[in-house]
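Trainee: Below you will find the structure I want to go over with you.
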Amino acid sequence: MGEMKAIVNFGNVPVGSRIIMDRLNTSARLMIVSDLDHTMVDHHDSENLSLLRFNALWEANYRHDSLLVFSTGRSPTLYKQLRKEKPMLTPDITIMSVGTEITYGNSMVPDDGWVEYLNQKWDKDIVREETSKFPEELTLQAETEQRAHKVSFYVKKDKAQAVTKALSEALEKRGLDVKIIYSGGIDLDILPQGAGKGQALAYLLKKFRTEGKLPVNTLVCGDSGNDAELFSIPEVHGVMVKNAQEELLQWHAENARDNPKIIHAKERCAAGIIEAIGYFHLGPNLSPRDVGDFLECKLENVNPGHEVVKFYLFYERWRRAEVAHSEVYIASLKANSLPSGVFVHPSGLEQQLTDRISALGSHYGDKQGQQFRVWVDRVLASEISSDAWLVKFNKWELSGEERQSCVTTAILSLKGSSISDGFTWVHVHQTWLERSEGKDESAWIV
Ligand code: GLC
Ligand code: MG
């Protein structure tokens, strides 16, 4: 084990955080640190529209120079489950189990340094022993939610305060230094004092500062009690989404009412995050999903990511019949494809790009009135010459209950002499990432 560690360490920074530190050459323009349930994800929005709006905004304008951090109370098990249920992006950093587990990148490499730090004045067995003395008030949560540095229960609202007080006294007497957090008017988490969403963020910010890559702006987003700590980190902007819980609003009224960097959004969940980006002038806040017609849209935020988002959004709208059934669109897409360019379908079939676009033409409205959504994740471009980019991303399609995705690699080149002239698609190659068994491959168009 000791040897393993030596291999995966470069200098003093473990390989996990290196993944993130090295992705950006300079400080992130914006780092968003968002809670998931009822903040990034709206469980009352079965169409996930605000989440999809956020996704398009992030991939088109921020992915290439900013950092997305999810900070959730969920354990890795329940976090992965949520990702299967909702059209969520892949964050750069994932903080789980109420700030007790930090992982980096798509492969979720854990931060071992953080785990070590949390062992101070913490003993899970003692916590279990003391809490067992409150069988009336405390109901243990599912086994998946009991983690190395987190013990979680359900507690009724009217019992929460008294139990919290009694428990802190009992655990202090036993020599532990714990933090007890009440969230959503039901969940009670017991963590080491040094843990929590706020402490985890402070730890990350310290790492970035050491590397000279402190994000230019940080925006924290939350809705419930375990998010309160995020708003007490100095220097960050904060948004409590419209649907924030009583306990968070109360915390704010008592502790941060005069902080102009924290707002209570007028919009719910991810729409509230977009609202805050605009309110604090943190960067572009017009989601491509809020742009009706791309042919008329001014080319302001031109970058390969924007081009990819725009194309797949058109594709979704074309099949849902949400744009006019006009040949002008297909002609314009063909004009943006290199005549000799090739499209490699995930089945391996090769076709001229322009033929593929023609095929798309005949699918107008075939998903009309149905559940059909398309989104792209992890859109990253590398410049391969002065006028061309290799763009890699994961493309997802949700059709009814079926979800499929493929890794896509595309070469885009500049159409004219300046970036505002737009892009030409030179080559597209797709490989299945996730696919339901026995599914008709030809249903996958582009
Ligand atoms: C998530 C976790 C749960 C925790 C709650 C509040 O729902 O699954 O264990 O108590 O967040 O932090
Ligand atoms: Mg929440």
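We name chains A, B, ... following the order of the structure tokens; residues begin at 1 in each chain, and ligands are numbered from 1 as shown.
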Show me, as a list in words, the residues that have an atom within 12 Å of Tyr117 in chain A when counting only C-alpha atoms, minus same-chain residues fewer than 6 positions from it.
Mentor: Thr100, Glu101, Asp111, His149, Pro192, Gln193, Gly194, Ala195, Gln199, Ala200 and Tyr203 of chain A
Trainee: For the residues in that selection, give me C-alpha atoms as an mmCIF file, in the first residue's frame.
Mentor:
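This is the output file selection27.cif:
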data_model
loop_
_atom_site.group_PDB
_atom_site.id
_atom_site.type_symbol
_atom_site.label_atom_id
_atom_site.label_comp_id
_atom_site.auth_asym_id
_atom_site.auth_seq_id
_atom_site.Cartn_x
_atom_site.Cartn_y
_atom_site.Cartn_z
ATOM 1 C CA THR A 100 -16.935 13.909 4.369
ATOM 2 C CA GLU A 101 -15.883 12.422 0.999
ATOM 3 C CA ASP A 111 -8.835 12.582 -1.590
ATOM 4 C CA HIS A 149 -17.313 9.916 8.928
ATOM 5 C CA PRO A 192 -16.500 15.054 12.791
ATOM 6 C CA GLN A 193 -16.226 18.762 13.717
ATOM 7 C CA GLY A 194 -13.818 19.381 10.839
ATOM 8 C CA ALA A 195 -16.216 17.930 8.253
ATOM 9 C CA GLN A 199 -15.107 22.851 5.615
ATOM 10 C CA ALA A 200 -14.676 20.700 2.517
ATOM 11 C CA TYR A 203 -10.055 22.735 2.151
#
Trainee: Distance table requested - chain A against ligand 1, cut-off 8 Å, only C-alpha atoms and all ligand atoms: one row per qualifying residue with the closest atom pair and its distance in Å to one decimal, ordered by chain and rising residue number, as JSON lines.
Mentor:
{"residue": "A:Asp37", "atom": "CA", "partner": "ligand 1", "partner_atom_place_in_ligand_line": "7 (O)", "distance": 7.7}
{"residue": "A:Thr72", "atom": "CA", "partner": "ligand 1", "partner_atom_place_in_ligand_line": "11 (O)", "distance": 6.6}
{"residue": "A:Gly73", "atom": "CA", "partner": "ligand 1", "partner_atom_place_in_ligand_line": "11 (O)", "distance": 3.5}
{"residue": "A:Arg74", "atom": "CA", "partner": "ligand 1", "partner_atom_place_in_ligand_line": "8 (O)", "distance": 3.7}
{"residue": "A:Ser75", "atom": "CA", "partner": "ligand 1", "partner_atom_place_in_ligand_line": "8 (O)", "distance": 5.9}
{"residue": "A:Leu78", "atom": "CA", "partner": "ligand 1", "partner_atom_place_in_ligand_line": "8 (O)", "distance": 6.6}
{"residue": "A:Ser97", "atom": "CA", "partner": "ligand 1", "partner_atom_place_in_ligand_line": "2 (C)", "distance": 6.5}
{"residue": "A:Val98", "atom": "CA", "partner": "ligand 1", "partner_atom_place_in_ligand_line": "12 (O)", "distance": 5.6}
{"residue": "A:Gln141", "atom": "CA", "partner": "ligand 1", "partner_atom_place_in_ligand_line": "9 (O)", "distance": 6.6}
{"residue": "A:Ala142", "atom": "CA", "partner": "ligand 1", "partner_atom_place_in_ligand_line": "9 (O)", "distance": 7.8}
{"residue": "A:Glu145", "atom": "CA", "partner": "ligand 1", "partner_atom_place_in_ligand_line": "9 (O)", "distance": 4.7}
{"residue": "A:Gln146", "atom": "CA", "partner": "ligand 1", "partner_atom_place_in_ligand_line": "9 (O)", "distance": 7.2}
{"residue": "A:Val151", "atom": "CA", "partner": "ligand 1", "partner_atom_place_in_ligand_line": "9 (O)", "distance": 7.9}
{"residue": "A:Ser152", "atom": "CA", "partner": "ligand 1", "partner_atom_place_in_ligand_line": "10 (O)", "distance": 5.2}
{"residue": "A:Phe153", "atom": "CA", "partner": "ligand 1", "partner_atom_place_in_ligand_line": "10 (O)", "distance": 6.5}
{"residue": "A:Tyr154", "atom": "CA", "partner": "ligand 1", "partner_atom_place_in_ligand_line": "10 (O)", "distance": 7.5}
{"residue": "A:Ile181", "atom": "CA", "partner": "ligand 1", "partner_atom_place_in_ligand_line": "12 (O)", "distance": 7.3}
{"residue": "A:Tyr182", "atom": "CA", "partner": "ligand 1", "partner_atom_place_in_ligand_line": "6 (C)", "distance": 7.2}
{"residue": "A:Ser183", "atom": "CA", "partner": "ligand 1", "partner_atom_place_in_ligand_line": "6 (C)", "distance": 5.2}
{"residue": "A:Gly184", "atom": "CA", "partner": "ligand 1", "partner_atom_place_in_ligand_line": "6 (C)", "distance": 7.0}
{"residue": "A:Asp187", "atom": "CA", "partner": "ligand 1", "partner_atom_place_in_ligand_line": "10 (O)", "distance": 4.5}
{"residue": "A:Leu188", "atom": "CA", "partner": "ligand 1", "partner_atom_place_in_ligand_line": "10 (O)", "distance": 5.5}
{"residue": "A:Asp189", "atom": "CA", "partner": "ligand 1", "partner_atom_place_in_ligand_line": "10 (O)", "distance": 5.2}
{"residue": "A:Gly225", "atom": "CA", "partner": "ligand 1", "partner_atom_place_in_ligand_line": "12 (O)", "distance": 7.7}
{"residue": "A:Asn226", "atom": "CA", "partner": "ligand 1", "partner_atom_place_in_ligand_line": "12 (O)", "distance": 5.6}
Trainee: Taking only C-alpha atoms and all ligand atoms and a cut-off of 12 Å, can you tell me which residues surround ligand 2, written as an NGL selection string?
Mentor: :A and (34-43 or 70-74 or 98 or 182-185 or 187 or 197 or 221-228 or 240-241 or 243-245 or 247-248 or 268-270)
Trainee: For Trp318 in chain A, which residue among A:Leu282, A:Ala256, A:Val302, A:Ile357 is the nearest when counting only C-alpha atoms?
Mentor: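 With only C-alpha atoms as the atom set, the closest residue is A:Ile357.
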Trainee: Step one, run DSSP on the backbone; step two, keep only residues of range 221-344 of chain A assigned to alpha helix (DSSP H); then write them as a PyMOL selection string.
Mentor: chain A and resi 246-255+269-279+304-319+327-335
Trainee: Taking 5 positions as the minimum chain separation for residues in the same chain, which residues sit within 9 Å of range 419-433 of chain A when counting only C-alpha atoms? Answer as a PyMOL selection string.
Mentor: chain A and resi 299-304+307+335-348+353+387-388+394+404-414+446
Trainee: Export, as a compact mmCIF listing (two decimals), in the first residue's frame, the selected residues with C-alpha atoms.
Mentor:
# COMPACT_ATOMS: atom_id res chain seq x y z
CA LEU A 299 -22.32 35.02 -32.62
CA GLU A 300 -21.15 36.31 -29.29
CA ASN A 301 -19.81 33.44 -27.26
CA VAL A 302 -18.25 31.55 -30.08
CA ASN A 303 -16.16 28.59 -29.03
CA PRO A 304 -16.21 24.92 -30.04
CA GLU A 307 -21.06 25.06 -31.46
CA ALA A 335 -23.00 24.40 -45.49
CA ASN A 336 -21.28 23.96 -42.11
CA SER A 337 -20.06 20.45 -42.96
CA LEU A 338 -16.97 19.71 -45.02
CA PRO A 339 -18.20 18.04 -48.26
CA SER A 340 -15.59 15.29 -47.93
CA GLY A 341 -16.13 15.01 -44.15
CA VAL A 342 -16.97 11.64 -42.63
CA PHE A 343 -19.38 10.60 -39.87
CA VAL A 344 -18.60 7.33 -38.09
CA HIS A 345 -21.79 5.97 -36.49
CA PRO A 346 -21.35 4.13 -33.15
CA SER A 347 -22.19 0.90 -34.98
CA GLY A 348 -19.05 1.47 -37.06
CA LEU A 353 -21.32 14.06 -43.07
CA ASP A 387 -7.70 27.03 -37.08
CA ALA A 388 -8.87 23.60 -35.91
CA ASN A 394 -20.39 12.65 -24.22
CA GLN A 404 -28.30 6.12 -24.37
CA SER A 405 -24.99 7.82 -24.72
CA CYS A 406 -21.88 7.79 -26.81
CA VAL A 407 -18.47 9.33 -26.67
CA THR A 408 -18.08 11.68 -29.58
CA THR A 409 -14.91 13.05 -31.08
CA ALA A 410 -15.26 15.79 -33.66
CA ILE A 411 -12.86 17.94 -35.61
CA LEU A 412 -14.09 21.49 -36.10
CA SER A 413 -12.27 24.07 -38.16
CA LEU A 414 -12.73 27.78 -38.57
CA VAL A 446 -26.30 11.95 -35.15
Trainee: Find the residues near range 44-60 of chain A: any atom within 6 Å, counting only C-alpha atoms, skip ones fewer than 2 places away on the same chain, and give them as a ChimeraX atom specification.
Mentor: /A:42,62-63,270-271,287,289,305-306,309
Trainee: Considering only C-alpha atoms, state which residue in the set A:Lys415, A:Arg403, A:Arg356, A:His264 is at the smallest distance from Ser436 in chain A.
Mentor: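 Between A:Lys415, A:Arg403, A:Arg356, A:His264, the residue approaching Ser436 in chain A most closely is A:Arg403.
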Trainee: Can you tell me, as a list in words, what residues are no more than 8 Å from Ser168 in chain A when counting only C-alpha atoms, ignoring any on the same chain fewer than 3 positions away?
Mentor: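 That gives Thr164, Lys165, Leu171, Glu172, Val178, Lys179 and Ile180 of chain A.
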Trainee: Using only C-alpha atoms, which residues sit within 10 Å of Thr77 in chain A once same-chain residues fewer than 3 positions away are excluded, as number ranges by chain?
Mentor: A: 74, 80-82, 96, 144-145
Trainee: Print the selection's residues with C-alpha atoms to a file, as a CSV table (one decimal), in the first residue's frame.
Mentor:
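Output below, filename out_13.csv:
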chain,number,residue,atom,x,y,z
A,74,ARG,CA,-25.8,11.7,-0.5
A,80,LYS,CA,-24.7,7.4,-8.5
A,81,GLN,CA,-28.4,6.5,-8.4
A,82,LEU,CA,-29.4,10.2,-8.9
A,96,MET,CA,-20.4,13.6,-1.0
A,144,THR,CA,-25.8,3.0,2.4
A,145,GLU,CA,-26.0,6.5,4.1
Trainee: Which polymer residues have any atom within 9 Å of an atom of range 16-27 of chain A, counting only C-alpha atoms, with same-chain residues fewer than 3 positions away left out, as a PyMOL selection string?
Mentor: chain A and resi 8-10+13+30+64-67+92-93+103-105+108-112+207-208+211-216
Trainee: Could you save those same residues with C-alpha atoms as a PDB file, in the first residue's frame?
Mentor:
ATOM      1  CA  VAL A   8       0.338   7.923  -7.389  1.00  0.00           C
ATOM      2  CA  ASN A   9       1.882  10.993  -5.773  1.00  0.00           C
ATOM      3  CA  PHE A  10       3.497  13.758  -7.771  1.00  0.00           C
ATOM      4  CA  VAL A  13      -0.165  16.905  -4.357  1.00  0.00           C
ATOM      5  CA  LEU A  30     -15.915  30.549 -12.181  1.00  0.00           C
ATOM      6  CA  HIS A  64     -13.531  24.929 -20.872  1.00  0.00           C
ATOM      7  CA  ASP A  65     -12.298  27.431 -18.294  1.00  0.00           C
ATOM      8  CA  SER A  66     -14.360  26.895 -15.146  1.00  0.00           C
ATOM      9  CA  LEU A  67     -14.989  24.270 -12.490  1.00  0.00           C
ATOM     10  CA  ASP A  92     -14.917  18.227 -11.872  1.00  0.00           C
ATOM     11  CA  ILE A  93     -15.063  17.582  -8.135  1.00  0.00           C
ATOM     12  CA  THR A 103     -13.358  12.855  -5.161  1.00  0.00           C
ATOM     13  CA  TYR A 104     -11.811  14.231  -8.338  1.00  0.00           C
ATOM     14  CA  GLY A 105     -12.645  13.898 -11.995  1.00  0.00           C
ATOM     15  CA  MET A 108     -13.850   9.889  -8.894  1.00  0.00           C
ATOM     16  CA  VAL A 109     -10.390   9.519  -7.356  1.00  0.00           C
ATOM     17  CA  PRO A 110     -10.753   9.972  -3.584  1.00  0.00           C
ATOM     18  CA  ASP A 111      -8.835  12.582  -1.590  1.00  0.00           C
ATOM     19  CA  ASP A 112      -7.049  10.494   1.028  1.00  0.00           C
ATOM     20  CA  LYS A 207      -5.422  23.717  -2.199  1.00  0.00           C
ATOM     21  CA  PHE A 208      -6.175  26.035  -5.115  1.00  0.00           C
ATOM     22  CA  GLU A 211      -1.203  26.161  -6.418  1.00  0.00           C
ATOM     23  CA  GLY A 212      -1.763  29.817  -7.297  1.00  0.00           C
ATOM     24  CA  LYS A 213      -5.042  28.873  -8.964  1.00  0.00           C
ATOM     25  CA  LEU A 214      -7.701  30.317  -6.706  1.00  0.00           C
ATOM     26  CA  PRO A 215     -10.893  30.634  -8.818  1.00  0.00           C
ATOM     27  CA  VAL A 216     -11.612  34.202  -9.911  1.00  0.00           C
TER      28      VAL A 216
END
Trainee: With distances taken over only C-alpha atoms, which of A:Trp396, A:Phe294, A:Trp251, A:Ser332 is nearest to Glu434 in chain A?
Mentor: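 Nearest candidate to Glu434 in chain A out of A:Trp396, A:Phe294, A:Trp251, A:Ser332: A:Trp396.
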Trainee: Could you find all residues in range 184-227 of chain A that DSSP calls strand (DSSP E or B) from the backbone, and write them as a list in words?
Mentor: Asp187, Leu188, Asp189, Ile190, Leu191, Pro192, Asn217, Thr218, Leu219, Val220, Cys221 and Gly222 of chain A
